[in-house]
file my_file.txt (compact mmCIF, C-alpha atoms)
# COMPACT_ATOMS: atom_id res chain seq x y z
CA MET A 1 83.58 108.31 108.19
CA VAL A 2 82.05 107.22 111.47
CA ILE A 3 85.35 106.32 113.10
CA PRO A 4 87.77 109.12 114.01
CA LEU A 5 90.90 108.95 111.86
CA GLU A 6 93.03 109.24 115.01
CA HIS A 7 91.73 105.92 116.30
CA VAL A 8 92.56 104.06 113.09
CA ILE A 9 96.06 105.54 112.90
CA GLY A 10 96.50 104.81 116.61
CA LEU A 11 95.58 101.17 116.03
CA SER A 12 98.08 101.10 113.19
CA ALA A 13 100.79 102.50 115.50
CA ILE A 14 99.99 99.95 118.21
CA LEU A 15 100.21 97.06 115.76
CA PHE A 16 103.47 98.43 114.35
CA ALA A 17 104.95 98.72 117.85
CA ILE A 18 103.91 95.13 118.67
CA GLY A 19 105.57 93.99 115.44
CA THR A 20 108.74 95.94 116.29
CA ILE A 21 108.94 94.40 119.75
CA GLY A 22 108.45 90.94 118.28
CA ALA A 23 111.11 91.43 115.60
CA LEU A 24 113.63 92.73 118.15
CA THR A 25 113.07 90.34 121.03
CA ARG A 26 112.31 86.95 119.51
CA ARG A 27 115.07 84.60 118.39
CA ASN A 28 113.10 82.29 116.14
CA LEU A 29 113.64 83.41 112.53
CA VAL A 30 110.14 82.34 111.50
CA VAL A 31 108.58 84.40 114.28
CA ILE A 32 110.74 87.38 113.31
CA LEU A 33 109.42 87.11 109.74
CA MET A 34 105.86 86.97 111.10
CA SER A 35 106.52 90.11 113.15
CA ILE A 36 107.72 91.88 110.00
CA GLU A 37 104.48 90.83 108.30
CA LEU A 38 102.60 92.38 111.20
CA MET A 39 104.50 95.66 110.73
CA LEU A 40 103.68 95.67 107.00
CA ASN A 41 100.03 95.11 107.86
CA ALA A 42 100.06 98.06 110.24
CA VAL A 43 101.41 100.25 107.43
CA ASN A 44 98.70 98.94 105.10
CA LEU A 45 96.08 99.92 107.64
CA SER A 46 97.29 103.50 107.75
CA PHE A 47 97.37 103.62 103.93
CA VAL A 48 93.74 102.51 103.82
CA ALA A 49 92.75 104.97 106.56
CA PHE A 50 94.36 107.93 104.79
CA ALA A 51 92.90 106.84 101.44
CA ARG A 52 89.49 106.92 103.11
CA ALA A 53 90.15 110.29 104.72
CA TRP A 54 91.29 111.96 101.50
CA GLY A 55 88.90 110.08 99.21
CA ASP A 56 91.79 108.98 96.98
CA THR A 57 92.21 105.39 95.77
CA LEU A 58 95.98 105.79 95.40
CA GLY A 59 96.25 104.43 98.94
CA HIS A 60 94.49 101.24 97.88
CA VAL A 61 96.75 100.85 94.86
CA PHE A 62 99.78 101.26 97.09
CA VAL A 63 98.46 98.63 99.49
CA LEU A 64 98.37 96.19 96.58
CA MET A 65 102.04 96.98 95.93
CA VAL A 66 102.88 96.45 99.60
CA ILE A 67 101.06 93.10 99.60
CA THR A 68 103.08 92.06 96.54
CA VAL A 69 106.34 93.00 98.21
CA ALA A 70 105.28 91.21 101.42
CA ALA A 71 104.53 88.03 99.50
CA ALA A 72 107.88 88.22 97.72
CA GLU A 73 109.66 88.89 101.00
CA VAL A 74 108.04 85.92 102.71
CA ALA A 75 108.85 83.58 99.83
CA VAL A 76 112.52 84.59 99.77
CA GLY A 77 112.78 84.81 103.57
CA LEU A 78 111.35 81.34 104.12
CA GLY A 79 113.62 80.04 101.36
CA ILE A 80 116.55 81.40 103.34
CA VAL A 81 115.16 79.86 106.55
CA ILE A 82 114.90 76.42 104.93
CA SER A 83 118.38 76.73 103.48
CA LEU A 84 119.76 77.74 106.89
CA PHE A 85 117.96 74.93 108.66
CA ARG A 86 119.44 72.39 106.24
CA ASN A 87 122.95 73.65 106.80
CA ARG A 88 122.90 74.50 110.52
CA ASP A 89 119.97 72.52 111.94
CA SER A 90 118.69 75.66 113.63
CA VAL A 91 116.46 78.66 113.04
CA ASN A 92 117.90 80.57 115.96
CA VAL A 93 119.19 83.96 114.82
CA GLU A 94 122.10 83.71 117.24
CA ASP A 95 123.39 80.65 115.39
CA VAL A 96 123.55 82.67 112.20
CA SER A 97 126.33 85.16 112.81
CA LEU A 98 128.11 84.57 109.51
CA LEU A 99 128.07 88.25 108.51
CA ARG A 100 128.71 89.62 111.97
CA TRP A 101 132.02 91.36 112.57
CA MET B 1 77.70 104.46 118.57
CA SER B 2 76.85 103.27 115.09
CA PHE B 3 77.11 99.66 113.99
CA ALA B 4 80.21 100.27 111.85
CA ALA B 5 82.02 101.96 114.73
CA ALA B 6 81.14 99.10 117.09
CA VAL B 7 82.48 96.59 114.53
CA PHE B 8 85.67 98.63 114.21
CA TYR B 9 86.39 98.75 117.94
CA VAL B 10 85.66 95.04 118.46
CA LEU B 11 87.90 94.08 115.53
CA ALA B 12 90.62 96.50 116.67
CA LEU B 13 90.66 94.89 120.10
CA LEU B 14 90.76 91.45 118.50
CA ALA B 15 93.64 92.47 116.22
CA VAL B 16 95.72 93.87 119.09
CA VAL B 17 95.07 90.90 121.38
CA SER B 18 95.93 88.34 118.73
CA ALA B 19 99.02 90.29 117.63
CA LEU B 20 100.19 90.27 121.26
CA GLY B 21 99.39 86.57 121.34
CA MET B 22 101.69 86.05 118.34
CA VAL B 23 104.59 88.05 119.79
CA LEU B 24 104.34 86.87 123.39
CA ASN B 25 103.64 83.21 122.70
CA VAL B 26 107.08 81.74 123.30
CA ARG B 27 106.11 78.09 123.51
CA ASN B 28 104.20 77.14 120.40
CA THR B 29 105.10 78.50 116.96
CA ILE B 30 101.98 77.08 115.30
CA ALA B 31 99.72 78.83 117.81
CA GLY B 32 101.61 82.05 117.06
CA ALA B 33 100.95 81.64 113.34
CA MET B 34 97.27 81.00 114.02
CA SER B 35 97.14 84.17 116.15
CA LEU B 36 98.56 86.07 113.19
CA VAL B 37 95.76 84.66 111.00
CA VAL B 38 93.23 86.11 113.45
CA THR B 39 94.99 89.50 113.22
CA MET B 40 94.87 89.41 109.42
CA ILE B 41 91.17 88.52 109.34
CA ALA B 42 90.33 91.24 111.88
CA LEU B 43 92.25 93.74 109.73
CA ALA B 44 90.27 92.62 106.67
CA GLY B 45 87.08 93.41 108.58
CA ILE B 46 88.46 96.83 109.49
CA TYR B 47 89.21 97.45 105.79
CA VAL B 48 85.55 96.75 105.00
CA VAL B 49 84.51 99.33 107.62
CA LEU B 50 86.92 101.78 105.95
CA ASP B 51 85.30 101.20 102.49
CA ALA B 52 88.30 99.34 101.08
CA HIS B 53 86.44 96.33 99.73
CA LEU B 54 88.98 95.15 97.17
CA VAL B 55 91.81 95.44 99.68
CA ALA B 56 89.78 93.47 102.24
CA VAL B 57 89.25 90.60 99.80
CA LEU B 58 92.94 90.60 98.84
CA GLN B 59 93.93 90.69 102.51
CA ILE B 60 91.99 87.47 103.14
CA MET B 61 93.20 85.79 99.96
CA VAL B 62 96.87 86.74 100.03
CA TYR B 63 97.67 87.10 103.73
CA ALA B 64 95.31 84.72 105.50
CA GLY B 65 95.27 82.38 102.52
CA ALA B 66 98.69 82.25 100.94
CA ILE B 67 101.29 83.81 103.22
CA LEU B 68 100.14 82.22 106.47
CA VAL B 69 99.83 78.81 104.80
CA LEU B 70 103.44 79.25 103.67
CA PHE B 71 104.45 80.02 107.27
CA LEU B 72 102.59 76.98 108.59
CA PHE B 73 104.18 74.78 105.93
CA VAL B 74 107.66 75.90 106.94
CA VAL B 75 106.93 75.52 110.67
CA MET B 76 105.66 71.99 110.15
CA LEU B 77 108.32 71.09 107.58
CA LEU B 78 111.12 72.07 109.95
CA ASN B 79 109.24 70.59 112.92
CA LEU B 80 109.46 73.78 114.99
CA ARG B 81 106.36 72.85 116.92
CA SER B 82 107.91 73.86 120.20
CA ASP B 83 110.09 76.94 120.29
CA GLU B 84 112.77 75.71 122.64
CA PHE B 85 115.09 78.70 122.44
CA SER B 86 112.25 81.06 123.19
CA PRO B 87 113.31 82.77 126.46
CA SER B 88 114.60 85.48 124.26
CA ARG B 89 117.95 87.13 123.73
CA SER B 90 120.00 88.83 126.41
CA ARG B 91 117.98 90.89 128.82
CA LEU B 92 119.58 94.07 127.46
CA VAL B 93 118.38 93.46 123.90
CA LYS B 94 114.95 92.49 125.19
CA LEU B 95 114.64 95.65 127.26
CA ALA B 96 115.94 97.73 124.36
CA GLY B 97 113.33 96.22 122.03
CA VAL B 98 110.47 96.89 124.42
CA ALA B 99 111.75 100.40 125.23
CA LEU B 100 112.11 101.27 121.54
CA GLY B 101 108.64 99.99 120.73
CA VAL B 102 107.05 101.84 123.63
CA TRP B 103 109.00 105.03 122.88
CA ALA B 104 108.06 104.98 119.19
CA LEU B 105 104.42 104.38 120.05
CA GLY B 106 104.37 107.06 122.74
CA SER B 107 105.98 109.76 120.64
CA PHE B 108 103.72 108.90 117.74
CA LEU B 109 100.58 109.09 119.83
CA ALA B 110 101.77 112.35 121.37
CA LEU B 111 102.20 113.89 117.92
CA LEU B 112 98.93 112.56 116.61
CA PRO B 113 96.26 115.10 117.66
CA GLY B 114 95.95 117.94 115.18
CA ALA B 115 98.38 116.48 112.67
CA LEU B 116 95.82 114.65 110.58
CA PRO B 117 93.87 115.85 107.51
CA LYS B 118 90.18 116.65 107.54
CA VAL B 119 88.07 113.70 106.40
CA VAL B 120 86.33 114.45 103.09
CA GLU B 121 83.09 113.12 101.66
CA ILE B 122 83.62 110.19 99.31
CA PRO B 123 81.59 108.86 96.36
CA ALA B 124 79.35 105.86 97.00
CA ASP B 125 81.51 103.47 94.96
CA PHE B 126 84.77 104.40 96.73
CA GLY B 127 87.10 101.40 97.06
CA SER B 128 85.01 99.25 94.74
CA TYR B 129 86.68 96.83 92.33
CA ARG B 130 85.79 99.13 89.46
CA GLN B 131 87.26 102.28 90.92
CA VAL B 132 90.48 100.73 92.23
CA GLY B 133 90.84 98.68 89.05
CA LEU B 134 90.52 101.76 86.83
CA SER B 135 93.05 103.58 88.95
CA LEU B 136 95.41 100.58 88.87
CA TYR B 137 95.23 99.89 85.13
CA ARG B 138 94.96 103.46 83.81
CA THR B 139 97.00 105.70 86.07
CA TYR B 140 99.47 103.32 87.71
CA ASP B 141 99.77 100.67 85.02
CA VAL B 142 103.58 100.86 84.84
CA ALA B 143 103.93 100.21 88.57
CA PHE B 144 101.49 97.34 88.24
CA GLU B 145 103.55 95.77 85.47
CA VAL B 146 106.75 96.17 87.48
CA THR B 147 105.26 94.16 90.37
CA SER B 148 105.15 91.15 88.06
CA PHE B 149 108.95 91.35 87.80
CA ILE B 150 109.22 91.47 91.59
CA LEU B 151 107.11 88.34 91.88
CA LEU B 152 109.11 86.58 89.14
CA ALA B 153 112.38 87.43 90.88
CA ALA B 154 110.96 86.24 94.22
CA ILE B 155 109.80 82.92 92.76
CA VAL B 156 113.16 82.23 91.12
CA GLY B 157 115.04 83.38 94.23
CA ALA B 158 112.98 81.25 96.60
CA VAL B 159 113.44 78.12 94.49
CA VAL B 160 117.18 78.67 94.10
CA LEU B 161 117.65 79.40 97.82
CA ALA B 162 115.60 76.47 99.06
CA LYS B 163 117.27 73.98 96.73
CA ARG B 164 120.90 74.93 97.18
CA ARG B 165 123.22 73.53 99.82
CA LEU B 166 125.80 75.88 101.22
CA SER B 167 129.21 74.36 101.67

call {"tool": "encode", "arguments": {"input": "my_file.txt", "output": "structure tokens"}}
result
Amino acid sequence: MVIPLEHVIGLSAILFAIGTIGALTRRNLVVILMSIELMLNAVNLSFVAFARAWGDTLGHVFVLMVITVAAAEVAVGLGIVISLFRNRDSVNVEDVSLLRW
Amino acid sequence: MSFAAAVFYVLALLAVVSALGMVLNVRNTIAGAMSLVVTMIALAGIYVVLDAHLVAVLQIMVYAGAILVLFLFVVMLLNLRSDEFSPSRSRLVKLAGVALGVWALGSFLALLPGALPKVVEIPADFGSYRQVGLSLYRTYDVAFEVTSFILLAAIVGAVVLAKRRLS
């Protein structure tokens, strides 16, 4: 492996932190979902890096599982966004405080 | 520096810049989604450098192809072209988000040196369709079958949610 493992994992951490900041600071539900996708991608990157470091394809198999879950999450999440937009005319998370106590 | 390493660092920079472009772009949601596409494609290139060829192809097909198209459809369907409530939540929450992200990143990077495994030599066909496919269908076949249930549940759930009107 020509690239030090630290650099790949560091890139993964940076992308995860950017995703976290996006999910916590933005108010647009669609952008929050995109930030969560970014976090899942960062995790995938570290799976691939560790699979390469250990020479074990289990990491690749797990990435396929994560991609499946991400696709399912986006489908359901965007379904919820569309449903919310129909009922409230907004995708602002602060307009959706139905479950807040 | 070898060619693969140079490709990795260029793509890593591209991924970070476009991810920042997605998170910090508070005016145009479509531009944010396009930035995310660039991140996904850069990550696919990084997977190729890391000998994960099947994962790289799936990254392009599923993320850049399917998931981002879904995002763009929803953004255009709901006409969210401009993100008018962008200047984000209260300053406290904003600061807390940035502080948490920076703290998590800092503590992670501080722990990183010395905590990682030694890199081993790998066979020439590592990450090929054949090797990952054998692993997927022989060793982890039950998990693979279960993912089809997840996808079925997600399809049904998405259709039900998008069609129903709450009272």

call {"tool": "closest_residue", "arguments": {"input": "my_file.txt", "among": "B:Val38, B:Leu152, B:Val16, B:Met22", "to": "Tyr63 in chain B", "atoms": "all atoms listed in the file"}}
result
B:Val38

call {"tool": "closest_residue", "arguments": {"input": "my_file.txt", "among": "B:Leu134, B:Val93, B:Leu36, B:Ala31", "to": "Thr25 in chain A", "atoms": "only C-alpha atoms"}}
result
B:Val93

call {"tool": "residues_around", "arguments": {"input": "my_file.txt", "residues": "Val98 in chain B", "least_positions_apart": "5", "cutoff": "12 Å", "atoms": "all atoms listed in the file", "output": "list in words"}}
result
Ala17, Ile18, Gly19, Thr20, Ile21, Gly22, Ala23, Leu24, Thr25 and Arg26 of chain A; Val23, Leu24, Arg91, Leu92, Val93, Trp103, Ala104, Leu105 and Gly106 of chain B

call {"tool": "interface_residues", "arguments": {"input": "my_file.txt", "of": "chain B", "to": "chain A", "cutoff": "6 Å", "atoms": "all atoms listed in the file", "output": "MDAnalysis selection string"}}
result
chainID B and resid 5 23 88 94 97:98 101 119:120 122 151 154 158 161:162

call {"tool": "atom_distance", "arguments": {"input": "my_file.txt", "atom1": "CA of Gly133 in chain B", "atom2": "CA of Val55 in chain B"}}
result
11.2 Å
